[in-house]
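Okay, run.txt is below, compact mmCIF, C-alpha atoms:
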```txt
# COMPACT_ATOMS: atom_id res chain seq x y z
CA MET A 1 22.86 171.90 72.69
CA ARG A 2 25.65 173.72 70.84
CA HIS A 3 28.28 172.30 73.22
CA ARG A 4 26.85 168.84 72.84
CA LEU A 5 27.09 169.18 69.06
CA ASP A 6 30.76 170.12 69.43
CA VAL A 7 31.39 166.91 71.34
CA ILE A 8 29.39 164.80 68.88
CA ALA A 9 31.58 166.17 66.07
CA LEU A 10 34.51 164.35 67.72
CA GLY A 11 32.99 161.04 66.69
CA SER A 12 31.21 158.23 68.50
CA ASN A 13 34.14 156.96 70.60
CA ALA A 14 35.24 160.28 72.00
CA ALA A 15 31.66 161.44 72.53
CA THR A 16 30.73 158.23 74.37
CA ALA A 17 33.86 158.50 76.52
CA LEU A 18 32.77 162.02 77.48
CA GLY A 19 29.41 160.72 78.61
CA ILE A 20 27.11 161.40 75.67
CA PRO A 21 24.58 158.68 74.91
CA TYR A 22 25.71 158.85 71.30
CA LYS A 23 23.22 156.61 69.49
CA ARG A 24 20.18 158.03 71.25
CA TYR A 25 21.31 161.59 70.74
CA VAL A 26 22.25 161.24 67.09
CA THR A 27 18.96 159.51 66.30
CA GLY A 28 17.13 162.40 67.96
CA LEU A 29 19.15 164.90 65.94
CA LEU A 30 18.37 163.14 62.66
CA LEU A 31 14.67 163.18 63.49
CA LEU A 32 14.83 166.88 64.32
CA ILE A 33 16.69 167.62 61.09
CA SER A 34 14.15 165.70 59.00
CA VAL A 35 11.31 167.69 60.54
CA LEU A 36 13.12 170.97 59.84
CA VAL A 37 13.87 169.93 56.26
CA ALA A 38 10.26 168.84 55.77
CA ILE A 39 8.97 172.20 56.99
CA SER A 40 11.28 174.26 54.82
CA THR A 41 10.58 172.10 51.78
CA ALA A 42 6.86 172.54 52.34
CA LEU A 43 7.35 176.32 52.54
CA VAL A 44 9.75 177.04 49.67
CA GLY A 45 9.85 173.86 47.60
CA PRO A 46 12.72 171.47 47.03
CA MET A 47 16.28 172.74 46.72
CA MET A 48 18.33 169.61 46.90
CA PHE A 49 21.90 170.85 47.04
CA LEU A 50 21.38 174.06 48.99
CA GLY A 51 22.14 172.43 52.35
CA LEU A 52 25.29 170.76 51.08
CA LEU A 53 26.48 174.00 49.55
CA ILE A 54 25.85 176.17 52.60
CA VAL A 55 27.42 173.74 55.08
CA ASN A 56 30.56 173.35 53.01
CA LEU A 57 30.82 177.12 52.70
CA ALA A 58 30.23 177.64 56.41
CA TYR A 59 33.10 175.46 57.67
CA PRO A 60 35.91 177.36 55.93
CA LEU A 61 34.22 180.77 56.14
CA MET A 62 33.53 180.58 59.88
CA GLY A 63 36.97 179.06 60.59
CA SER A 64 35.76 177.49 63.82
CA TRP A 65 34.64 174.11 65.10
CA ARG A 66 32.27 175.67 67.60
CA HIS A 67 28.62 175.25 66.73
CA ALA A 68 27.99 178.47 68.63
CA TYR A 69 29.48 180.14 65.53
CA LEU A 70 28.76 177.50 62.90
CA LEU A 71 24.99 177.43 63.36
CA PRO A 72 24.32 181.18 63.09
CA GLY A 73 26.99 181.33 60.39
CA CYS A 74 25.10 178.75 58.38
CA VAL A 75 21.86 180.68 58.73
CA MET A 76 23.52 183.91 57.62
CA ILE A 77 25.24 182.35 54.62
CA GLY A 78 22.01 180.63 53.64
CA MET A 79 20.10 183.89 53.76
CA ILE A 80 22.78 185.76 51.85
CA ALA A 81 22.94 183.07 49.17
CA LEU A 82 19.17 182.96 48.65
CA ILE A 83 18.12 186.59 49.11
CA GLY A 84 21.32 188.01 47.62
CA GLY A 85 21.18 185.59 44.71
CA GLN A 86 17.56 186.43 44.03
CA LEU A 87 18.40 190.15 44.18
CA ILE A 88 21.23 189.86 41.69
CA LEU A 89 19.20 187.72 39.34
CA GLU A 90 16.20 190.06 39.39
CA ARG A 91 17.86 193.47 39.51
CA VAL A 92 21.19 192.97 37.75
CA PHE A 93 20.40 190.32 35.15
CA ASP A 94 16.71 191.15 34.96
CA MET A 95 15.64 187.49 35.02
CA ALA A 96 12.69 186.07 36.93
CA GLY A 97 12.53 183.16 39.38
CA THR A 98 15.34 180.87 38.31
CA LEU A 99 17.59 181.07 41.38
CA SER A 100 17.00 177.45 42.31
CA VAL A 101 18.48 176.41 38.96
CA VAL A 102 21.68 178.32 39.75
CA ILE A 103 21.88 176.92 43.29
CA GLU A 104 21.31 173.38 42.07
CA PHE A 105 23.97 173.85 39.41
CA ILE A 106 26.63 175.08 41.85
CA GLY A 107 25.58 172.66 44.60
CA GLY A 108 25.48 169.75 42.20
CA GLY A 109 28.97 170.64 40.98
CA LEU A 110 30.20 170.70 44.57
CA PHE A 111 28.53 167.35 45.21
CA ILE A 112 30.36 165.75 42.30
CA TYR A 113 33.60 167.38 43.41
CA LEU A 114 33.26 166.02 46.97
CA LEU A 115 32.37 162.61 45.61
CA LEU A 116 35.44 162.51 43.36
CA LYS A 117 37.64 163.71 46.22
CA LYS A 118 36.39 160.83 48.35
CA VAL A 119 37.00 158.32 45.56
CA ALA A 120 40.52 159.67 44.99
CA LYS A 121 41.32 159.00 48.66
CA MET B 1 37.27 148.12 91.28
CA ILE B 2 36.50 147.12 87.72
CA GLU B 3 34.83 143.73 87.59
CA VAL B 4 34.62 141.93 84.28
CA LYS B 5 32.12 139.09 84.48
CA ASN B 6 31.77 136.35 81.86
CA VAL B 7 32.47 138.71 79.01
CA SER B 8 32.50 137.31 75.49
CA LYS B 9 32.68 139.17 72.22
CA LYS B 10 32.54 137.97 68.64
CA TYR B 11 33.47 139.75 65.43
CA GLU B 12 31.67 137.93 62.63
CA ASP B 13 32.38 134.32 63.55
CA GLN B 14 35.61 134.91 65.36
CA LEU B 15 35.55 134.84 69.13
CA VAL B 16 37.86 137.68 70.23
CA LEU B 17 37.01 137.54 73.92
CA GLN B 18 36.26 134.17 75.47
CA ASN B 19 34.45 134.30 78.75
CA ILE B 20 36.72 136.78 80.51
CA ASN B 21 36.50 137.08 84.29
CA GLU B 22 38.82 139.65 85.78
CA THR B 23 38.92 142.05 88.69
CA LEU B 24 41.04 145.14 88.30
CA PRO B 25 42.12 147.01 91.43
CA SER B 26 40.90 150.50 92.27
CA SER B 27 44.38 151.96 92.37
CA GLY B 28 47.73 151.36 90.77
CA ILE B 29 48.82 150.59 87.24
CA THR B 30 47.55 147.48 85.52
CA SER B 31 49.13 146.57 82.20
CA ILE B 32 47.51 144.31 79.66
CA ILE B 33 50.11 142.59 77.49
CA GLY B 34 49.90 139.98 74.77
CA PRO B 35 50.55 139.38 71.08
CA ASN B 36 48.70 141.16 68.26
CA GLY B 37 45.10 140.09 67.96
CA ALA B 38 44.92 138.73 71.50
CA GLY B 39 41.86 140.85 72.28
CA LYS B 40 43.54 143.43 74.49
CA SER B 41 42.03 146.49 72.83
CA THR B 42 38.65 144.81 72.56
CA LEU B 43 38.68 144.13 76.29
CA LEU B 44 39.60 147.75 76.97
CA SER B 45 36.77 148.96 74.73
CA VAL B 46 34.28 146.67 76.44
CA MET B 47 35.40 147.85 79.88
CA SER B 48 34.90 151.45 78.81
CA ARG B 49 31.47 150.89 77.15
CA LEU B 50 32.75 151.78 73.68
CA LEU B 51 31.85 148.24 72.66
CA THR B 52 28.94 146.19 73.89
CA PRO B 53 29.85 142.60 74.77
CA ASP B 54 27.75 139.72 73.39
CA HIS B 55 27.63 138.14 76.83
CA GLY B 56 28.50 139.21 80.33
CA GLN B 57 28.85 142.55 81.99
CA VAL B 58 31.35 145.02 83.38
CA MET B 59 30.90 146.77 86.71
CA VAL B 60 32.87 149.88 87.65
CA ASP B 61 32.47 150.62 91.35
CA SER B 62 28.99 149.07 91.26
CA LEU B 63 27.98 151.00 88.12
CA ASN B 64 27.04 148.67 85.31
CA VAL B 65 28.93 150.00 82.33
CA ASN B 66 26.32 149.10 79.75
CA ASP B 67 23.13 150.41 81.21
CA SER B 68 24.18 152.95 83.76
CA ASN B 69 24.06 156.61 83.05
CA SER B 70 26.80 157.35 80.56
CA GLU B 71 27.15 160.89 81.93
CA GLN B 72 27.82 159.60 85.42
CA LEU B 73 30.35 157.09 84.16
CA ALA B 74 32.28 159.82 82.34
CA LYS B 75 33.21 161.27 85.74
CA VAL B 76 34.51 157.93 86.97
CA LEU B 77 36.16 156.40 83.94
CA SER B 78 37.98 157.88 80.98
CA VAL B 79 39.36 156.10 77.96
CA LEU B 80 41.66 156.76 75.05
CA ARG B 81 41.68 154.45 72.08
CA GLN B 82 44.49 153.88 69.66
CA GLU B 83 43.27 155.81 66.69
CA ASN B 84 41.84 159.25 66.97
CA HIS B 85 40.79 161.23 63.93
CA PHE B 86 38.71 164.31 64.42
CA THR B 87 37.09 166.21 61.59
CA SER B 88 36.92 169.41 63.64
CA ARG B 89 40.10 171.45 63.39
CA LEU B 90 41.05 171.83 67.05
CA SER B 91 43.89 173.47 68.90
CA VAL B 92 45.63 171.53 71.67
CA TYR B 93 43.94 173.73 74.28
CA ASP B 94 40.50 173.11 72.74
CA LEU B 95 41.09 169.37 72.66
CA VAL B 96 42.19 169.20 76.28
CA SER B 97 39.28 171.40 77.35
CA PHE B 98 36.88 168.76 76.02
CA GLY B 99 38.04 166.64 78.96
CA ARG B 100 36.02 168.94 81.21
CA TYR B 101 32.79 168.36 79.30
CA PRO B 102 31.38 165.78 81.75
CA TYR B 103 31.52 168.36 84.54
CA THR B 104 30.54 171.69 83.08
CA LYS B 105 29.02 170.77 79.72
CA GLY B 106 31.19 173.11 77.68
CA ARG B 107 30.86 176.22 79.87
CA LEU B 108 34.40 176.40 81.19
CA ASN B 109 34.91 178.01 84.58
CA LYS B 110 38.01 178.91 86.61
CA GLU B 111 38.33 175.42 88.03
CA ASP B 112 38.19 173.89 84.57
CA GLN B 113 40.93 176.20 83.38
CA HIS B 114 43.04 175.11 86.31
CA TYR B 115 42.60 171.44 85.34
CA ILE B 116 43.32 172.18 81.68
CA ASN B 117 46.54 174.03 82.47
CA GLN B 118 47.57 171.32 84.89
CA ALA B 119 47.05 168.61 82.28
CA LEU B 120 48.92 170.64 79.67
CA SER B 121 51.93 171.19 81.93
CA PHE B 122 51.82 167.55 83.08
CA LEU B 123 52.52 166.50 79.52
CA ASP B 124 54.87 169.29 78.61
CA LEU B 125 52.37 170.85 76.22
CA LEU B 126 52.09 174.44 77.42
CA PRO B 127 54.27 175.84 74.59
CA LEU B 128 52.07 174.02 72.08
CA ALA B 129 48.72 174.94 73.61
CA ASN B 130 47.63 177.15 70.73
CA ARG B 131 48.87 174.95 67.91
CA TYR B 132 46.39 173.01 65.83
CA LEU B 133 46.43 169.23 66.02
CA ASP B 134 47.22 168.88 62.32
CA GLU B 135 50.37 170.95 62.86
CA LEU B 136 51.81 168.55 65.43
CA SER B 137 54.03 165.51 65.15
CA GLY B 138 52.57 162.11 65.98
CA GLY B 139 54.13 162.07 69.42
CA GLN B 140 52.96 165.57 70.30
CA ARG B 141 49.45 164.67 69.19
CA GLN B 142 49.54 161.51 71.28
CA ARG B 143 50.48 163.56 74.34
CA ALA B 144 47.65 165.98 73.63
CA PHE B 145 45.14 163.12 73.60
CA VAL B 146 46.49 161.76 76.87
CA ALA B 147 46.28 165.27 78.37
CA MET B 148 42.61 165.39 77.40
CA VAL B 149 41.96 162.11 79.19
CA LEU B 150 43.85 163.22 82.32
CA CYS B 151 41.92 166.47 82.26
CA GLN B 152 38.75 164.43 82.65
CA ASP B 153 40.10 163.68 86.15
CA THR B 154 38.52 160.27 86.60
CA LYS B 155 39.45 157.60 89.08
CA TYR B 156 39.84 155.03 86.31
CA VAL B 157 41.94 155.88 83.27
CA LEU B 158 42.03 153.38 80.42
CA LEU B 159 44.69 153.93 77.77
CA ASP B 160 45.25 151.91 74.62
CA GLU B 161 48.94 152.05 73.78
CA PRO B 162 49.74 155.46 75.25
CA LEU B 163 53.38 155.15 74.17
CA ASN B 164 52.45 155.02 70.48
CA ASN B 165 54.65 157.39 68.48
CA LEU B 166 56.60 158.55 71.52
CA ASP B 167 60.38 158.74 71.61
CA MET B 168 62.40 157.33 74.52
CA LYS B 169 62.38 160.53 76.52
CA HIS B 170 58.65 161.08 76.20
CA SER B 171 57.84 157.41 76.77
CA VAL B 172 59.66 157.49 80.09
CA ALA B 173 58.13 160.87 80.96
CA MET B 174 54.65 159.53 80.14
CA MET B 175 55.11 156.41 82.27
CA LYS B 176 56.48 158.49 85.15
CA GLN B 177 53.47 160.79 84.98
CA LEU B 178 51.11 157.85 84.96
CA ARG B 179 53.00 156.34 87.90
CA ARG B 180 52.69 159.66 89.73
CA ALA B 181 49.00 159.89 88.99
CA ALA B 182 48.56 156.37 90.35
CA ASP B 183 50.61 157.00 93.49
CA GLU B 184 49.71 160.56 94.44
CA LEU B 185 46.16 160.82 93.16
CA GLU B 186 45.35 157.15 93.81
CA LYS B 187 44.05 156.62 90.32
CA SER B 188 43.65 153.24 88.73
CA ILE B 189 45.33 153.21 85.35
CA VAL B 190 44.81 150.40 82.89
CA LEU B 191 47.18 150.25 79.95
CA VAL B 192 47.35 148.18 76.84
CA ILE B 193 51.05 148.17 76.21
CA HIS B 194 53.39 146.44 73.78
CA ASP B 195 56.73 147.06 75.42
CA ILE B 196 56.84 144.42 78.12
CA ASN B 197 59.82 146.08 79.76
CA PHE B 198 57.79 149.23 80.36
CA ALA B 199 55.02 147.02 81.69
CA SER B 200 57.50 145.24 83.95
CA THR B 201 59.15 148.34 85.35
CA TYR B 202 56.11 150.56 85.91
CA SER B 203 53.08 148.42 86.66
CA ASP B 204 51.69 146.91 89.82
CA HIS B 205 49.80 144.18 88.00
CA ILE B 206 50.15 142.54 84.64
CA ILE B 207 47.42 140.73 82.79
CA ALA B 208 48.57 138.62 79.86
CA MET B 209 46.15 137.76 77.08
CA LYS B 210 46.33 135.34 74.20
CA ASN B 211 43.68 134.23 71.70
CA GLY B 212 40.91 136.09 73.53
CA GLU B 213 41.69 134.62 76.93
CA VAL B 214 43.55 135.80 79.99
CA VAL B 215 46.42 133.33 80.28
CA PHE B 216 48.34 134.84 83.15
CA ARG B 217 47.96 137.49 85.82
CA GLY B 218 50.17 138.65 88.63
CA VAL B 219 52.78 141.09 89.80
CA PRO B 220 55.61 141.86 87.33
CA ALA B 221 58.07 139.57 89.14
CA ASP B 222 55.74 136.60 88.56
CA VAL B 223 55.04 137.36 84.92
CA MET B 224 58.59 138.23 83.98
CA VAL B 225 59.75 134.63 83.89
CA PRO B 226 61.16 133.19 80.66
CA SER B 227 58.74 130.26 80.48
CA VAL B 228 55.72 132.55 80.96
CA ILE B 229 56.78 135.21 78.46
CA GLU B 230 57.82 132.56 75.94
CA SER B 231 54.47 130.83 76.14
CA ILE B 232 52.62 134.13 75.65
CA PHE B 233 54.65 135.54 72.77
CA GLU B 234 56.07 132.33 71.27
CA LEU B 235 59.53 133.83 71.21
CA PRO B 236 62.68 132.85 73.09
CA VAL B 237 63.56 135.40 75.79
CA THR B 238 66.00 135.77 78.61
CA ILE B 239 65.06 137.81 81.66
CA GLU B 240 67.78 139.88 83.27
CA ARG B 241 67.67 141.54 86.64
CA LEU B 242 69.03 145.03 86.32
CA GLY B 243 68.91 147.37 89.28
CA GLY B 244 66.10 145.38 90.85
CA GLN B 245 64.06 145.46 87.64
CA HIS B 246 63.12 142.52 85.46
CA ILE B 247 64.09 143.20 81.89
CA ALA B 248 63.26 140.88 79.02
CA VAL B 249 65.88 140.59 76.31
CA TYR B 250 64.54 139.21 73.06
CA TYR B 251 66.05 141.31 70.28
CA ARG B 252 68.27 138.70 68.60
```
Just give me the structure as C-alpha cells.
Amino acid sequence: MRHRLDVIALGSNAATALGIPYKRYVTGLLLLISVLVAISTALVGPMMFLGLLIVNLAYPLMGSWRHAYLLPGCVMIGMIALIGGQLILERVFDMAGTLSVVIEFIGGGLFIYLLLKKVAK
Amino acid sequence: MIEVKNVSKKYEDQLVLQNINETLPSSGITSIIGPNGAGKSTLLSVMSRLLTPDHGQVMVDSLNVNDSNSEQLAKVLSVLRQENHFTSRLSVYDLVSFGRYPYTKGRLNKEDQHYINQALSFLDLLPLANRYLDELSGGQRQRAFVAMVLCQDTKYVLLDEPLNNLDMKHSVAMMKQLRRAADELEKSIVLVIHDINFASTYSDHIIAMKNGEVVFRGVPADVMVPSVIESIFELPVTIERLGGQHIAVYYR
C-alpha cells in the first residue's frame, strides 16, 4: 500500500503507465479516507483544519516522498500537536479545553496562506 | 505488434483523431511526424491507455489496451509523455527506480538495482544519480525520465518528443541509444518527433499525420521526398542525399 501511494503521488499519467488502475484506486482511497475521517470526527468532534495543518507540516519535516515515512510521521506529528498542545494549554497557561480553537486558528491561517499562494501563481 | 483499429477521439467538438487504422511493427523504431496539432501525441496517449478513445480499440500483442489488466500491460509497454511534473521531491535514482514498480511493487531487489544502474549509465546519468530533479537542467531531467522508461524494460517503448530540451550531443546520444535498444534488445520504439532529419536517419518506419489522419506511411526513403514533406508541412523543402542519408533542408 505505501509503495502504491508513492506511485500515485507521481500523478495519473505516470501511475497509469506503471500499471496502476488509477481511477479505481484513487476512488477506493477517497472512500477509505472518508470513513477514517468520519470515525475520528465521531470520536473527538470536528477539527476542520487539523488535517491540512499536519500534512503540510509532515512533508517538510519528514523530508521524504516515501509514504513509509510520511504516514507514521503524520501520525506522530498529529499526536504531538494535539496531546502536546493540550498539555501546554492546561499546565503552562492553566486554561481548559480550548485547544481546538488554537488549532483552527493556525490551520485556518495556513489555509488562507496556501490559497493566496495558489492565486499568486 | 501494436494494432490501432478504427480509433477516433474528440476534444469538445474537434475531431483530433479520425478513424485511425495502423499496425506498428514489434521491433524497430517507428517515428510519428507531422505539424503541430496533427494528433500525434493524442495517438500516442491512446496507444498507451493514458487516453480512452471515443471509438475503436488498440491491441498490443493481443492485449486490449483499454480493458486488459493495466499491471500486465506495464510489463509490455512503457510510455513517456511530453510534460512531467511531480509534486514529490525525487532524486534521479528514485525516479528511475520507479521504472521497476511493475515487477517488484516497490521492494527493490538485486536484479532491480542492476536494471536501474544500467539505465542510468545508458543515459550518462550515473554522476547525477543522487541529485534532485529540481536541481537539474531541462535536458538532464529529460534524460532522467527516459532512463525511468527504459528501466521499465518493456518490449514497446512509446516516447513523446524524447529530444525535448536536449543539445546536439545528447540528442544524437539519445537516438543512438534508442537505435541500440531496438537492434540489440529487439524493442519496438515509437517516437513522436519534430526533427524530421532525426526521424529520417534513425527510424525504420515513418508515419506522417495531419489533421487527425495518417496521410503517409513508409520507410524513410519513401517519406523523404520533397512533394510528400511539402504536402505534410506546407513548407518548401529540398531533400539532399548526404552519406546515404536523406536530409531535408528547409531553413531559409
Kindly compute an axis-aligned box around the listed atoms of range 220-237 of chain B, allowing 4 Å on each side, and express its centre and edge lengths in Å to one decimal as AutoDock Vina command-line options.
```
--center_x 58.1 --center_y 136.1 --center_z 80.2 --size_x 18.9 --size_y 19.6 --size_z 25.9
```
If we count only C-alpha atoms, which residues of chain A reach to within 12 Å of chain B? Please list them as a ChimeraX atom specification.
/A:1-24,59-60,62-68,70
Output file for the residues above (C-alpha atoms, as a compact mmCIF listing (two decimals), in the frame of the given file):
```txt
# COMPACT_ATOMS: atom_id res chain seq x y z
CA MET A 1 22.86 171.90 72.69
CA ARG A 2 25.65 173.72 70.84
CA HIS A 3 28.28 172.30 73.22
CA ARG A 4 26.85 168.84 72.84
CA LEU A 5 27.09 169.18 69.06
CA ASP A 6 30.76 170.12 69.43
CA VAL A 7 31.39 166.91 71.34
CA ILE A 8 29.39 164.80 68.88
CA ALA A 9 31.58 166.17 66.07
CA LEU A 10 34.51 164.35 67.72
CA GLY A 11 32.99 161.04 66.69
CA SER A 12 31.21 158.23 68.50
CA ASN A 13 34.14 156.96 70.60
CA ALA A 14 35.24 160.28 72.00
CA ALA A 15 31.66 161.44 72.53
CA THR A 16 30.73 158.23 74.37
CA ALA A 17 33.86 158.50 76.52
CA LEU A 18 32.77 162.02 77.48
CA GLY A 19 29.41 160.72 78.61
CA ILE A 20 27.11 161.40 75.67
CA PRO A 21 24.58 158.68 74.91
CA TYR A 22 25.71 158.85 71.30
CA LYS A 23 23.22 156.61 69.49
CA ARG A 24 20.18 158.03 71.25
CA TYR A 59 33.10 175.46 57.67
CA PRO A 60 35.91 177.36 55.93
CA MET A 62 33.53 180.58 59.88
CA GLY A 63 36.97 179.06 60.59
CA SER A 64 35.76 177.49 63.82
CA TRP A 65 34.64 174.11 65.10
CA ARG A 66 32.27 175.67 67.60
CA HIS A 67 28.62 175.25 66.73
CA ALA A 68 27.99 178.47 68.63
CA LEU A 70 28.76 177.50 62.90
```
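Put simply, CA of Ala182 in chain B is 5.1 Å away from CA of Gly28 in chain B.
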I'd like the interatomic distance between CA of Ile29 in chain B and CA of Tyr156 in chain B, to a tenth of an Å.
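Going from CA of Ile29 in chain B over to CA of Tyr156 in chain B covers 10.1 Å.
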What does the distance between CA of Gln140 in chain B and CA of His205 in chain B come to in Å, to one decimal place?
27.9 Å
